[in-house]
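Text of structure-v9.cif, listed as mmCIF, C-alpha atoms and all ligand atoms; chains and numbers go by the auth columns:
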data_upload
#
loop_
_atom_site.group_PDB
_atom_site.id
_atom_site.type_symbol
_atom_site.label_atom_id
_atom_site.label_comp_id
_atom_site.label_asym_id
_atom_site.label_seq_id
_atom_site.Cartn_x
_atom_site.Cartn_y
_atom_site.Cartn_z
_atom_site.B_iso_or_equiv
_atom_site.auth_seq_id
_atom_site.auth_asym_id
ATOM 1 C CA MET A 1 -64.215 -93.202 -49.287 0.00 16 A
ATOM 2 C CA ALA A 2 -61.575 -91.724 -51.555 0.00 17 A
ATOM 3 C CA ALA A 3 -62.468 -91.854 -55.247 0.00 18 A
ATOM 4 C CA ARG A 4 -60.103 -94.229 -56.952 0.00 19 A
ATOM 5 C CA ARG A 5 -59.949 -94.387 -60.711 0.00 20 A
ATOM 6 C CA LYS A 6 -59.731 -97.967 -61.877 0.00 21 A
ATOM 7 C CA LEU A 7 -56.566 -99.286 -63.515 0.00 22 A
ATOM 8 C CA ILE A 8 -56.728 -102.093 -66.054 0.00 23 A
ATOM 9 C CA ALA A 9 -53.197 -103.417 -66.495 0.00 24 A
ATOM 10 C CA GLY A 10 -52.095 -105.997 -69.047 0.00 25 A
ATOM 11 C CA ASN A 11 -49.090 -108.126 -68.190 0.00 26 A
ATOM 12 C CA TRP A 12 -48.021 -109.751 -71.448 0.00 27 A
ATOM 13 C CA LYS A 13 -45.369 -111.812 -69.665 0.00 28 A
ATOM 14 C CA MET A 14 -42.949 -113.523 -72.107 0.00 29 A
ATOM 15 C CA ASN A 15 -45.369 -113.373 -75.029 0.00 30 A
ATOM 16 C CA GLY A 16 -45.435 -111.557 -78.305 0.00 31 A
ATOM 17 C CA LEU A 17 -42.930 -110.633 -80.969 0.00 32 A
ATOM 18 C CA LYS A 18 -42.659 -107.168 -82.434 0.00 33 A
ATOM 19 C CA ALA A 19 -45.383 -107.339 -85.075 0.00 34 A
ATOM 20 C CA GLU A 20 -48.091 -108.736 -82.795 0.00 35 A
ATOM 21 C CA GLY A 21 -47.092 -106.527 -79.892 0.00 36 A
ATOM 22 C CA LEU A 22 -47.301 -103.434 -82.057 0.00 37 A
ATOM 23 C CA GLN A 23 -50.644 -104.501 -83.432 0.00 38 A
ATOM 24 C CA LEU A 24 -52.115 -105.237 -80.002 0.00 39 A
ATOM 25 C CA ALA A 25 -50.924 -101.989 -78.448 0.00 40 A
ATOM 26 C CA SER A 26 -51.953 -99.858 -81.439 0.00 41 A
ATOM 27 C CA ASP A 27 -55.373 -101.496 -81.480 0.00 42 A
ATOM 28 C CA LEU A 28 -55.924 -100.721 -77.784 0.00 43 A
ATOM 29 C CA ALA A 29 -54.589 -97.192 -78.115 0.00 44 A
ATOM 30 C CA GLY A 30 -56.997 -96.601 -80.995 0.00 45 A
ATOM 31 C CA ARG A 31 -59.967 -97.943 -79.043 0.00 46 A
ATOM 32 C CA LEU A 32 -59.090 -95.799 -76.048 0.00 47 A
ATOM 33 C CA GLN A 33 -58.747 -92.712 -78.153 0.00 48 A
ATOM 34 C CA GLY A 34 -62.004 -93.414 -79.949 0.00 49 A
ATOM 35 C CA ALA A 35 -63.883 -94.079 -76.720 0.00 50 A
ATOM 36 C CA GLY A 36 -63.323 -90.612 -75.284 0.00 51 A
ATOM 37 C CA ALA A 37 -63.952 -90.404 -71.535 0.00 52 A
ATOM 38 C CA VAL A 38 -63.733 -93.833 -69.910 0.00 53 A
ATOM 39 C CA PRO A 39 -63.837 -94.633 -66.174 0.00 54 A
ATOM 40 C CA PHE A 40 -60.474 -96.441 -66.181 0.00 55 A
ATOM 41 C CA ASP A 41 -56.798 -96.052 -66.983 0.00 56 A
ATOM 42 C CA MET A 42 -55.392 -98.708 -69.275 0.00 57 A
ATOM 43 C CA LEU A 43 -51.814 -99.982 -69.176 0.00 58 A
ATOM 44 C CA VAL A 44 -49.846 -102.530 -71.176 0.00 59 A
ATOM 45 C CA CYS A 45 -46.644 -104.157 -69.923 0.00 60 A
ATOM 46 C CA PRO A 46 -44.883 -105.806 -72.899 0.00 61 A
ATOM 47 C CA PRO A 47 -41.606 -107.743 -72.703 0.00 62 A
ATOM 48 C CA PHE A 48 -38.538 -105.469 -72.471 0.00 63 A
ATOM 49 C CA PRO A 49 -37.441 -105.662 -76.151 0.00 64 A
ATOM 50 C CA LEU A 50 -40.865 -104.362 -77.221 0.00 65 A
ATOM 51 C CA LEU A 51 -40.963 -101.371 -74.892 0.00 66 A
ATOM 52 C CA PHE A 52 -39.301 -98.916 -77.264 0.00 67 A
ATOM 53 C CA PRO A 53 -41.291 -99.777 -80.426 0.00 68 A
ATOM 54 C CA VAL A 54 -44.565 -100.043 -78.507 0.00 69 A
ATOM 55 C CA GLY A 55 -43.758 -96.817 -76.654 0.00 70 A
ATOM 56 C CA GLU A 56 -43.231 -95.046 -79.981 0.00 71 A
ATOM 57 C CA ALA A 57 -46.415 -96.516 -81.438 0.00 72 A
ATOM 58 C CA ILE A 58 -48.673 -95.389 -78.587 0.00 73 A
ATOM 59 C CA LYS A 59 -46.972 -92.074 -77.851 0.00 74 A
ATOM 60 C CA GLY A 60 -49.533 -89.335 -77.297 0.00 75 A
ATOM 61 C CA SER A 61 -52.371 -91.815 -76.775 0.00 76 A
ATOM 62 C CA PRO A 62 -54.051 -92.423 -73.403 0.00 77 A
ATOM 63 C CA LEU A 63 -52.668 -95.988 -73.293 0.00 78 A
ATOM 64 C CA ALA A 64 -49.933 -96.200 -70.653 0.00 79 A
ATOM 65 C CA LEU A 65 -46.774 -98.297 -70.847 0.00 80 A
ATOM 66 C CA GLY A 66 -45.074 -100.270 -68.102 0.00 81 A
ATOM 67 C CA GLY A 67 -42.227 -102.703 -67.499 0.00 82 A
ATOM 68 C CA GLN A 68 -42.843 -106.164 -66.056 0.00 83 A
ATOM 69 C CA ASP A 69 -39.970 -105.783 -63.642 0.00 84 A
ATOM 70 C CA CYS A 70 -37.078 -103.431 -62.965 0.00 85 A
ATOM 71 C CA ALA A 71 -33.681 -103.536 -61.352 0.00 86 A
ATOM 72 C CA PRO A 72 -33.167 -102.016 -57.903 0.00 87 A
ATOM 73 C CA LYS A 73 -30.459 -99.759 -59.376 0.00 88 A
ATOM 74 C CA GLN A 74 -30.382 -97.217 -62.231 0.00 89 A
ATOM 75 C CA LYS A 75 -27.184 -98.330 -63.991 0.00 90 A
ATOM 76 C CA GLY A 76 -23.959 -100.218 -63.710 0.00 91 A
ATOM 77 C CA ALA A 77 -22.505 -103.700 -63.928 0.00 92 A
ATOM 78 C CA HIS A 78 -25.723 -105.726 -63.647 0.00 93 A
ATOM 79 C CA THR A 79 -25.794 -108.031 -66.658 0.00 94 A
ATOM 80 C CA GLY A 80 -29.246 -108.784 -67.949 0.00 95 A
ATOM 81 C CA ASP A 81 -31.032 -106.231 -65.788 0.00 96 A
ATOM 82 C CA THR A 82 -33.132 -103.281 -66.892 0.00 97 A
ATOM 83 C CA SER A 83 -33.253 -100.166 -64.770 0.00 98 A
ATOM 84 C CA PRO A 84 -36.187 -97.889 -63.992 0.00 99 A
ATOM 85 C CA ALA A 85 -34.301 -95.093 -65.785 0.00 100 A
ATOM 86 C CA MET A 86 -34.294 -97.245 -68.935 0.00 101 A
ATOM 87 C CA LEU A 87 -37.999 -97.974 -68.558 0.00 102 A
ATOM 88 C CA LYS A 88 -38.708 -94.294 -68.258 0.00 103 A
ATOM 89 C CA ASP A 89 -36.558 -93.602 -71.318 0.00 104 A
ATOM 90 C CA ALA A 90 -38.735 -96.050 -73.278 0.00 105 A
ATOM 91 C CA GLY A 91 -41.871 -94.156 -72.282 0.00 106 A
ATOM 92 C CA CYS A 92 -42.946 -96.191 -69.271 0.00 107 A
ATOM 93 C CA ALA A 93 -44.937 -94.679 -66.443 0.00 108 A
ATOM 94 C CA TYR A 94 -45.244 -97.928 -64.462 0.00 109 A
ATOM 95 C CA ALA A 95 -43.168 -100.926 -63.381 0.00 110 A
ATOM 96 C CA ILE A 96 -44.583 -104.166 -62.028 0.00 111 A
ATOM 97 C CA VAL A 97 -42.437 -105.452 -59.158 0.00 112 A
ATOM 98 C CA GLY A 98 -42.628 -108.629 -57.106 0.00 113 A
ATOM 99 C CA HIS A 99 -44.828 -110.607 -59.473 0.00 114 A
ATOM 100 C CA SER A 100 -45.131 -114.141 -58.091 0.00 115 A
ATOM 101 C CA GLU A 101 -43.315 -115.490 -61.158 0.00 116 A
ATOM 102 C CA ARG A 102 -40.352 -113.254 -60.276 0.00 117 A
ATOM 103 C CA ARG A 103 -40.576 -114.223 -56.615 0.00 118 A
ATOM 104 C CA GLN A 104 -40.682 -117.928 -57.547 0.00 119 A
ATOM 105 C CA ASP A 105 -38.411 -118.141 -60.595 0.00 120 A
ATOM 106 C CA HIS A 106 -35.826 -115.600 -59.458 0.00 121 A
ATOM 107 C CA GLY A 107 -35.930 -115.914 -55.697 0.00 122 A
ATOM 108 C CA GLU A 108 -37.066 -112.346 -55.149 0.00 123 A
ATOM 109 C CA THR A 109 -37.639 -111.574 -51.499 0.00 124 A
ATOM 110 C CA ASP A 110 -39.794 -108.813 -50.040 0.00 125 A
ATOM 111 C CA ALA A 111 -36.616 -106.788 -49.430 0.00 126 A
ATOM 112 C CA ILE A 112 -35.607 -107.062 -53.097 0.00 127 A
ATOM 113 C CA VAL A 113 -39.118 -106.113 -54.189 0.00 128 A
ATOM 114 C CA ALA A 114 -39.070 -103.074 -51.884 0.00 129 A
ATOM 115 C CA ALA A 115 -35.683 -102.015 -53.304 0.00 130 A
ATOM 116 C CA LYS A 116 -37.046 -102.314 -56.851 0.00 131 A
ATOM 117 C CA ALA A 117 -40.127 -100.276 -55.953 0.00 132 A
ATOM 118 C CA ALA A 118 -37.913 -97.621 -54.348 0.00 133 A
ATOM 119 C CA ALA A 119 -35.749 -97.457 -57.489 0.00 134 A
ATOM 120 C CA ALA A 120 -38.880 -97.134 -59.632 0.00 135 A
ATOM 121 C CA HIS A 121 -40.063 -94.267 -57.418 0.00 136 A
ATOM 122 C CA GLU A 122 -36.703 -92.536 -57.803 0.00 137 A
ATOM 123 C CA GLU A 123 -37.384 -92.283 -61.534 0.00 138 A
ATOM 124 C CA GLY A 124 -40.954 -91.133 -61.046 0.00 139 A
ATOM 125 C CA LEU A 125 -42.478 -94.464 -62.048 0.00 140 A
ATOM 126 C CA VAL A 126 -45.521 -95.933 -60.363 0.00 141 A
ATOM 127 C CA ALA A 127 -44.600 -99.292 -58.826 0.00 142 A
ATOM 128 C CA ILE A 128 -47.244 -102.006 -59.057 0.00 143 A
ATOM 129 C CA VAL A 129 -46.290 -104.146 -56.071 0.00 144 A
ATOM 130 C CA CYS A 130 -47.622 -107.695 -56.329 0.00 145 A
ATOM 131 C CA VAL A 131 -48.530 -109.859 -53.360 0.00 146 A
ATOM 132 C CA GLY A 132 -50.404 -113.136 -53.009 0.00 147 A
ATOM 133 C CA GLU A 133 -50.468 -116.454 -51.224 0.00 148 A
ATOM 134 C CA THR A 134 -49.980 -119.975 -52.593 0.00 149 A
ATOM 135 C CA TRP A 135 -52.715 -122.584 -52.441 0.00 150 A
ATOM 136 C CA ALA A 136 -50.893 -124.424 -49.624 0.00 151 A
ATOM 137 C CA GLU A 137 -50.753 -121.198 -47.614 0.00 152 A
ATOM 138 C CA ARG A 138 -54.460 -120.551 -48.170 0.00 153 A
ATOM 139 C CA GLU A 139 -55.308 -124.156 -47.236 0.00 154 A
ATOM 140 C CA ALA A 140 -53.304 -123.739 -44.047 0.00 155 A
ATOM 141 C CA GLY A 141 -55.365 -120.652 -43.142 0.00 156 A
ATOM 142 C CA LYS A 142 -52.331 -118.408 -43.608 0.00 157 A
ATOM 143 C CA ALA A 143 -53.413 -116.304 -46.596 0.00 158 A
ATOM 144 C CA GLN A 144 -53.754 -113.050 -44.663 0.00 159 A
ATOM 145 C CA GLU A 145 -50.621 -113.655 -42.627 0.00 160 A
ATOM 146 C CA VAL A 146 -48.586 -114.179 -45.805 0.00 161 A
ATOM 147 C CA VAL A 147 -50.078 -111.246 -47.674 0.00 162 A
ATOM 148 C CA GLY A 148 -49.735 -109.010 -44.623 0.00 163 A
ATOM 149 C CA ARG A 149 -46.065 -109.882 -44.385 0.00 164 A
ATOM 150 C CA GLN A 150 -45.558 -109.227 -48.106 0.00 165 A
ATOM 151 C CA VAL A 151 -47.293 -105.851 -47.917 0.00 166 A
ATOM 152 C CA ALA A 152 -45.231 -104.851 -44.887 0.00 167 A
ATOM 153 C CA GLY A 153 -41.955 -105.989 -46.449 0.00 168 A
ATOM 154 C CA SER A 154 -42.439 -105.011 -50.094 0.00 169 A
ATOM 155 C CA LEU A 155 -43.534 -101.389 -49.781 0.00 170 A
ATOM 156 C CA PRO A 156 -40.566 -99.038 -49.558 0.00 171 A
ATOM 157 C CA ALA A 157 -40.351 -95.949 -47.381 0.00 172 A
ATOM 158 C CA GLY A 158 -41.893 -93.079 -49.296 0.00 173 A
ATOM 159 C CA ALA A 159 -44.672 -95.174 -50.847 0.00 174 A
ATOM 160 C CA THR A 160 -47.786 -93.098 -51.489 0.00 175 A
ATOM 161 C CA ALA A 161 -51.020 -93.477 -53.409 0.00 176 A
ATOM 162 C CA ALA A 162 -49.427 -91.456 -56.224 0.00 177 A
ATOM 163 C CA ASN A 163 -46.415 -93.724 -56.724 0.00 178 A
ATOM 164 C CA THR A 164 -47.684 -97.125 -55.629 0.00 179 A
ATOM 165 C CA VAL A 165 -50.382 -99.580 -56.682 0.00 180 A
ATOM 166 C CA VAL A 166 -50.823 -102.903 -54.884 0.00 181 A
ATOM 167 C CA ALA A 167 -51.859 -105.969 -56.873 0.00 182 A
ATOM 168 C CA TYR A 168 -53.342 -108.918 -55.006 0.00 183 A
ATOM 169 C CA GLU A 169 -52.713 -112.023 -57.074 0.00 184 A
ATOM 170 C CA PRO A 170 -53.337 -115.352 -55.376 0.00 185 A
ATOM 171 C CA VAL A 171 -50.617 -117.554 -56.885 0.00 186 A
ATOM 172 C CA TRP A 172 -53.039 -120.439 -57.388 0.00 187 A
ATOM 173 C CA ALA A 173 -55.336 -118.267 -59.512 0.00 188 A
ATOM 174 C CA ILE A 174 -52.654 -117.122 -61.968 0.00 189 A
ATOM 175 C CA GLY A 175 -52.993 -118.689 -65.385 0.00 190 A
ATOM 176 C CA THR A 176 -55.072 -121.545 -63.969 0.00 191 A
ATOM 177 C CA GLY A 177 -58.608 -120.465 -64.777 0.00 192 A
ATOM 178 C CA LYS A 178 -59.329 -120.663 -61.027 0.00 193 A
ATOM 179 C CA VAL A 179 -60.560 -117.361 -59.673 0.00 194 A
ATOM 180 C CA ALA A 180 -60.829 -116.378 -56.047 0.00 195 A
ATOM 181 C CA THR A 181 -64.468 -116.018 -55.008 0.00 196 A
ATOM 182 C CA PRO A 182 -65.798 -112.470 -54.808 0.00 197 A
ATOM 183 C CA GLN A 183 -66.052 -112.932 -51.032 0.00 198 A
ATOM 184 C CA ASP A 184 -62.387 -114.023 -50.768 0.00 199 A
ATOM 185 C CA VAL A 185 -61.357 -111.083 -52.921 0.00 200 A
ATOM 186 C CA LYS A 186 -63.459 -108.684 -50.878 0.00 201 A
ATOM 187 C CA ASP A 187 -62.022 -109.976 -47.604 0.00 202 A
ATOM 188 C CA MET A 188 -58.407 -109.870 -48.788 0.00 203 A
ATOM 189 C CA HIS A 189 -58.714 -106.425 -50.340 0.00 204 A
ATOM 190 C CA ALA A 190 -60.284 -105.080 -47.132 0.00 205 A
ATOM 191 C CA PHE A 191 -57.415 -106.651 -45.206 0.00 206 A
ATOM 192 C CA ILE A 192 -54.826 -105.076 -47.532 0.00 207 A
ATOM 193 C CA ARG A 193 -56.563 -101.709 -47.171 0.00 208 A
ATOM 194 C CA LYS A 194 -56.244 -102.006 -43.390 0.00 209 A
ATOM 195 C CA GLU A 195 -52.566 -102.926 -43.660 0.00 210 A
ATOM 196 C CA LEU A 196 -52.011 -99.896 -45.893 0.00 211 A
ATOM 197 C CA GLN A 197 -53.879 -97.647 -43.462 0.00 212 A
ATOM 198 C CA ALA A 198 -51.443 -98.677 -40.759 0.00 213 A
ATOM 199 C CA ARG A 199 -48.528 -97.520 -42.926 0.00 214 A
ATOM 200 C CA LEU A 200 -49.533 -94.804 -45.397 0.00 215 A
ATOM 201 C CA SER A 201 -51.239 -91.513 -44.630 0.00 216 A
ATOM 202 C CA ASP A 202 -53.091 -91.600 -47.965 0.00 217 A
ATOM 203 C CA ALA A 203 -53.889 -95.329 -47.859 0.00 218 A
ATOM 204 C CA ASP A 204 -57.519 -94.770 -48.817 0.00 219 A
ATOM 205 C CA SER A 205 -56.390 -93.468 -52.208 0.00 220 A
ATOM 206 C CA VAL A 206 -54.082 -96.400 -53.036 0.00 221 A
ATOM 207 C CA ARG A 207 -55.386 -98.542 -55.861 0.00 222 A
ATOM 208 C CA ILE A 208 -55.576 -102.263 -55.077 0.00 223 A
ATOM 209 C CA LEU A 209 -55.830 -104.448 -58.184 0.00 224 A
ATOM 210 C CA TYR A 210 -56.997 -108.028 -58.335 0.00 225 A
ATOM 211 C CA GLY A 211 -55.135 -110.448 -60.608 0.00 226 A
ATOM 212 C CA GLY A 212 -55.514 -114.134 -61.404 0.00 227 A
ATOM 213 C CA SER A 213 -57.544 -115.470 -64.333 0.00 228 A
ATOM 214 C CA VAL A 214 -59.463 -112.241 -64.879 0.00 229 A
ATOM 215 C CA LYS A 215 -61.525 -112.714 -68.046 0.00 230 A
ATOM 216 C CA PRO A 216 -64.329 -110.795 -69.745 0.00 231 A
ATOM 217 C CA ASP A 217 -66.907 -113.107 -68.162 0.00 232 A
ATOM 218 C CA ASN A 218 -65.828 -112.549 -64.560 0.00 233 A
ATOM 219 C CA ALA A 219 -64.593 -108.972 -64.819 0.00 234 A
ATOM 220 C CA VAL A 220 -67.884 -107.189 -64.111 0.00 235 A
ATOM 221 C CA GLU A 221 -68.347 -108.940 -60.781 0.00 236 A
ATOM 222 C CA LEU A 222 -64.698 -108.674 -59.712 0.00 237 A
ATOM 223 C CA LEU A 223 -64.440 -105.011 -60.644 0.00 238 A
ATOM 224 C CA ALA A 224 -67.624 -104.228 -58.724 0.00 239 A
ATOM 225 C CA THR A 225 -66.216 -105.776 -55.538 0.00 240 A
ATOM 226 C CA ASP A 226 -65.395 -103.415 -52.668 0.00 241 A
ATOM 227 C CA ASN A 227 -61.795 -102.226 -52.681 0.00 242 A
ATOM 228 C CA VAL A 228 -61.088 -103.713 -56.118 0.00 243 A
ATOM 229 C CA ASP A 229 -59.667 -100.761 -58.002 0.00 244 A
ATOM 230 C CA GLY A 230 -58.753 -102.527 -61.185 0.00 245 A
ATOM 231 C CA ALA A 231 -57.240 -105.695 -62.571 0.00 246 A
ATOM 232 C CA LEU A 232 -53.829 -107.071 -63.429 0.00 247 A
ATOM 233 C CA VAL A 233 -54.494 -109.313 -66.393 0.00 248 A
ATOM 234 C CA GLY A 234 -52.175 -111.902 -67.925 0.00 249 A
ATOM 235 C CA GLY A 235 -53.614 -114.286 -70.518 0.00 250 A
ATOM 236 C CA ALA A 236 -56.654 -112.200 -71.405 0.00 251 A
ATOM 237 C CA SER A 237 -54.503 -109.128 -72.012 0.00 252 A
ATOM 238 C CA LEU A 238 -53.023 -110.739 -75.134 0.00 253 A
ATOM 239 C CA LYS A 239 -56.266 -110.395 -77.076 0.00 254 A
ATOM 240 C CA ALA A 240 -57.440 -106.865 -77.774 0.00 255 A
ATOM 241 C CA ASP A 241 -61.133 -107.827 -77.676 0.00 256 A
ATOM 242 C CA ASP A 242 -60.840 -109.580 -74.323 0.00 257 A
ATOM 243 C CA PHE A 243 -58.691 -106.924 -72.697 0.00 258 A
ATOM 244 C CA TRP A 244 -60.920 -104.166 -73.970 0.00 259 A
ATOM 245 C CA ALA A 245 -63.987 -106.029 -72.685 0.00 260 A
ATOM 246 C CA ILE A 246 -62.369 -106.192 -69.238 0.00 261 A
ATOM 247 C CA GLY A 247 -61.721 -102.447 -69.348 0.00 262 A
ATOM 248 C CA THR A 248 -65.257 -101.657 -70.325 0.00 263 A
ATOM 249 C CA SER A 249 -66.509 -103.823 -67.452 0.00 264 A
ATOM 250 C CA CYS A 250 -65.554 -100.931 -65.164 0.00 265 A
ATOM 251 C CA ARG A 251 -68.604 -99.082 -63.934 0.00 266 A
HETATM 252 P P1 LIG B . -53.538 -114.483 -65.641 0.00 301 B
HETATM 253 O O1 LIG B . -52.230 -113.781 -65.056 0.00 301 B
HETATM 254 O O2 LIG B . -54.542 -113.388 -65.914 0.00 301 B
HETATM 255 O O3 LIG B . -53.089 -115.179 -66.887 0.00 301 B
HETATM 256 O O4 LIG B . -54.032 -115.417 -64.586 0.00 301 B
HETATM 257 C C1 LIG B . -52.314 -112.711 -64.167 0.00 301 B
HETATM 258 C C2 LIG B . -50.943 -112.237 -63.763 0.00 301 B
HETATM 259 O O5 LIG B . -50.055 -113.072 -63.521 0.00 301 B
HETATM 260 O O6 LIG B . -50.689 -111.032 -63.679 0.00 301 B
#

Take the structure from the file and write it as structure tokens.
Amino acid sequence: MAARRKLIAGNWKMNGLKAEGLQLASDLAGRLQGAGAVPFDMLVCPPFPLLFPVGEAIKGSPLALGGQDCAPKQKGAHTGDTSPAMLKDAGCAYAIVGHSERRQDHGETDAIVAAKAAAAHEEGLVAIVCVGETWAEREAGKAQEVVGRQVAGSLPAGATAANTVVAYEPVWAIGTGKVATPQDVKDMHAFIRKELQARLSDADSVRILYGGSVKPDNAVELLATDNVDGALVGGASLKADDFWAIGTSCR
């Protein structure tokens, strides 16, 4: 099996003003620097207005910066949007696309998500493409069908292990404290790996993250699960101690 370095990604969502964001990011950057060699990459994805100050604060540190979304275009008359070129300018190396909150709140389809990922790739950003079923879909026995369709529709042409990370986030596990069982996670990640193998020549090197109520007390088990190559963390990424504890759960 291809060696895949784990990625611990913090999605701050719409949380944090400048002072706390700077403190959180600087704290994590300091811990990472002090820790020396660690078996994971660490990423924070603050709200857009904080990208520039946080980017400046962590410049030169091993802590990576990402956007929570990006536009499918680089510039132009698109009020309220933020382009991958702008993310890159702020120091980002990553962009989350297709988070279920974007799919739900903003009607983002697989085609829109794929266009955003393609635009991120154009600027040399790694796209973290999110997929995941709702509880009703899981109850109806359609979890794999839904996730398979999302993977097929949300990955743009030209996706590779170097420019794409997939995040499996069951919608019902996000922010709810409900976590998918290790067996469910193992099964879905194996399924996603197979779907990737059907599409990408370097599928075995693609990192597949799990997201949905990842906390310090469940991180060791989740991160030790087959084909779990890291975590996309919401709530627990807002506290430096918790997020750091999740990172150091990587073996
Ligand atoms: P959560 O969010 O860790 O708060 O469940 C995860 C996510 O939405 O990325």

Quiz item: Can you tell me which residues sit at most 7 Å away from ligand LIG 301 (chain B), counting all atoms listed in the file, written as a ChimeraX atom specification?
Solution: /A:26,184,188-192,226-229,247-251

Prev. selection, C-alpha atoms, output as a PDB file, in the coordinates of the input:
ATOM      1  CA  ASN A  26     -49.090-108.126 -68.190  1.00  0.00           C
ATOM      2  CA  GLU A 184     -52.713-112.023 -57.074  1.00  0.00           C
ATOM      3  CA  ALA A 188     -55.336-118.267 -59.512  1.00  0.00           C
ATOM      4  CA  ILE A 189     -52.654-117.122 -61.968  1.00  0.00           C
ATOM      5  CA  GLY A 190     -52.993-118.689 -65.385  1.00  0.00           C
ATOM      6  CA  THR A 191     -55.072-121.545 -63.969  1.00  0.00           C
ATOM      7  CA  GLY A 192     -58.608-120.465 -64.777  1.00  0.00           C
ATOM      8  CA  GLY A 226     -55.135-110.448 -60.608  1.00  0.00           C
ATOM      9  CA  GLY A 227     -55.514-114.134 -61.404  1.00  0.00           C
ATOM     10  CA  SER A 228     -57.544-115.470 -64.333  1.00  0.00           C
ATOM     11  CA  VAL A 229     -59.463-112.241 -64.879  1.00  0.00           C
ATOM     12  CA  LEU A 247     -53.829-107.071 -63.429  1.00  0.00           C
ATOM     13  CA  VAL A 248     -54.494-109.313 -66.393  1.00  0.00           C
ATOM     14  CA  GLY A 249     -52.175-111.902 -67.925  1.00  0.00           C
ATOM     15  CA  GLY A 250     -53.614-114.286 -70.518  1.00  0.00           C
ATOM     16  CA  ALA A 251     -56.654-112.200 -71.405  1.00  0.00           C
TER      17      ALA A 251
END

Quiz item: Can you tell me how far CA of Cys85 (chain A) sits from CA of Tyr109 (chain A), in Å to one decimal?
Solution: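 Value for the CA of Cys85 (chain A)-CA of Tyr109 (chain A) distance: 10.0 Å.
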
Exercise. Could you check how far CA of Gly163 (chain A) sits from CA of Glu210 (chain A), in Å to one decimal?
Key: 6.8 Å

Practice problem: Quick one: pull the distance between CA of Ile143 (chain A) and CA of Val200 (chain A), Å, one decimal. | Solution: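 For CA of Ile143 (chain A) relative to CA of Val200 (chain A), the distance reads 17.9 Å.
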
Quiz item: Written as a list in words, what is the full residue list that the PyMOL selection byres (((chain A and resi 76) around 9) and not hetatm) yields on the file shown?
Solution: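 Applying the PyMOL selection byres (((chain A and resi 76) around 9) and not hetatm) to the structure shown produces Ala44, Gly45, Leu47, Gln48, Ala72, Ile73, Lys74, Gly75, Pro77, Leu78 and Ala79 of chain A.
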
Exercise. Could you tell me which of A:Ala34, A:Met101, A:Ala151, A:Cys265 comes closest to Glu236 (chain A) if we count only C-alpha atoms?
Key: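 So, comparing all the options, the nearest one is A:Cys265.
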
Quiz item: Pick from A:Ile111, A:Leu215, A:Leu224, A:Ala174: nearest to Pro61 (chain A), with all atoms listed in the file counted?
Solution: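 Among A:Ile111, A:Leu215, A:Leu224, A:Ala174, it is A:Ile111 that comes nearest to Pro61 (chain A).
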
Practice problem: Check which residues satisfy the PyMOL selection byres (((chain A and resi 30) around 12) and not hetatm) in the file shown, then give them as a list of chain:residue names. | Solution: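 The output of the PyMOL selection byres (((chain A and resi 30) around 12) and not hetatm) on this file is A:Gly25, A:Asn26, A:Trp27, A:Lys28, A:Met29, A:Gly31, A:Leu32, A:Lys33, A:Ala34, A:Glu35, A:Gly36, A:Leu39, A:Cys60, A:Pro61, A:Pro62, A:Phe63, A:Pro64, A:Leu65, A:Gln83, A:Gly249, A:Gly250, A:Ala251, A:Ser252, A:Leu253, A:Lys254.
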
Quiz prompt | the PyMOL selection byres (((chain A and resi 135) around 12) and not hetatm) applied to the shown file, residues as a PyMOL selection string | solution = chain A and resi 81-89+97-103+107-112+128-134+136-144+170-171+173-174+178-179

Exercise. Compile the contact shell of Asp256 (chain A) as a PyMOL selection string: residues with an atom at most 12 Å away, counting only C-alpha atoms, same-chain residues fewer than 4 positions apart removed.
Key: chain A and resi 39-40+42-43+46+230-231+251-252+260-263

Axis-aligned box for all listed atoms of region 84-88 of chain A, 4 Å per side, centre and edges in Å to one decimal, as lines of an AutoDock Vina configuration file:
center_x = -35.2
center_y = -102.8
center_z = -60.8
size_x = 17.5
size_y = 14.0
size_z = 13.7

Self-check item: Spatial neighbours of region 237-239 of chain A, max dist 8 Å, all atoms listed in the file, sep filter under 3 positions, as a ChimeraX atom specification
Solution: /A:197,200,225,233-234,243-246,264-266

Quiz item: So, counting only C-alpha atoms, which residue among A:His93, A:Arg222, A:His204, A:Arg20 is closest to Ala158 (chain A)?
Solution: A:His204

Quiz item: Nearest to Glu160 (chain A): which of A:Ser216, A:Ala105, A:Met203, A:Trp187 is it, counting all atoms listed in the file?
Solution: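 Closest to Glu160 (chain A), using all atoms listed in the file: A:Met203.
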
Practice problem: Up to 7 Å from (-50.4, -90.0, -52.1) in the file's coordinates: name the residues, counting all atoms listed in the file, as a PyMOL selection string. | Solution: chain A and resi 175-177+217+220

Quiz item: Could you pull the residues within 10 Å of Thr124 (chain A), counting all atoms listed in the file, minus those fewer than 4 positions along the same chain, as a list in words?
Solution: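 What passes the distance filter is Gly113, Arg117, Arg118, Gln119, Val128, Ala129, Ala130, Gln165, Gly168 and Ser169 of chain A.
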
Might you pull out every residue within 6 Å of Ala24 (chain A), with only C-alpha atoms counted and same-chain residues fewer than 2 positions away left off, and present them as a short mmCIF file (atom, residue, chain, number, x, y, z; two decimals) with C-alpha atoms, in the frame of the given file?
data_model
loop_
_atom_site.label_atom_id
_atom_site.label_comp_id
_atom_site.auth_asym_id
_atom_site.auth_seq_id
_atom_site.Cartn_x
_atom_site.Cartn_y
_atom_site.Cartn_z
CA MET A 57 -55.39 -98.71 -69.28
CA LEU A 58 -51.81 -99.98 -69.18
CA VAL A 59 -49.85 -102.53 -71.18
CA LEU A 247 -53.83 -107.07 -63.43
#
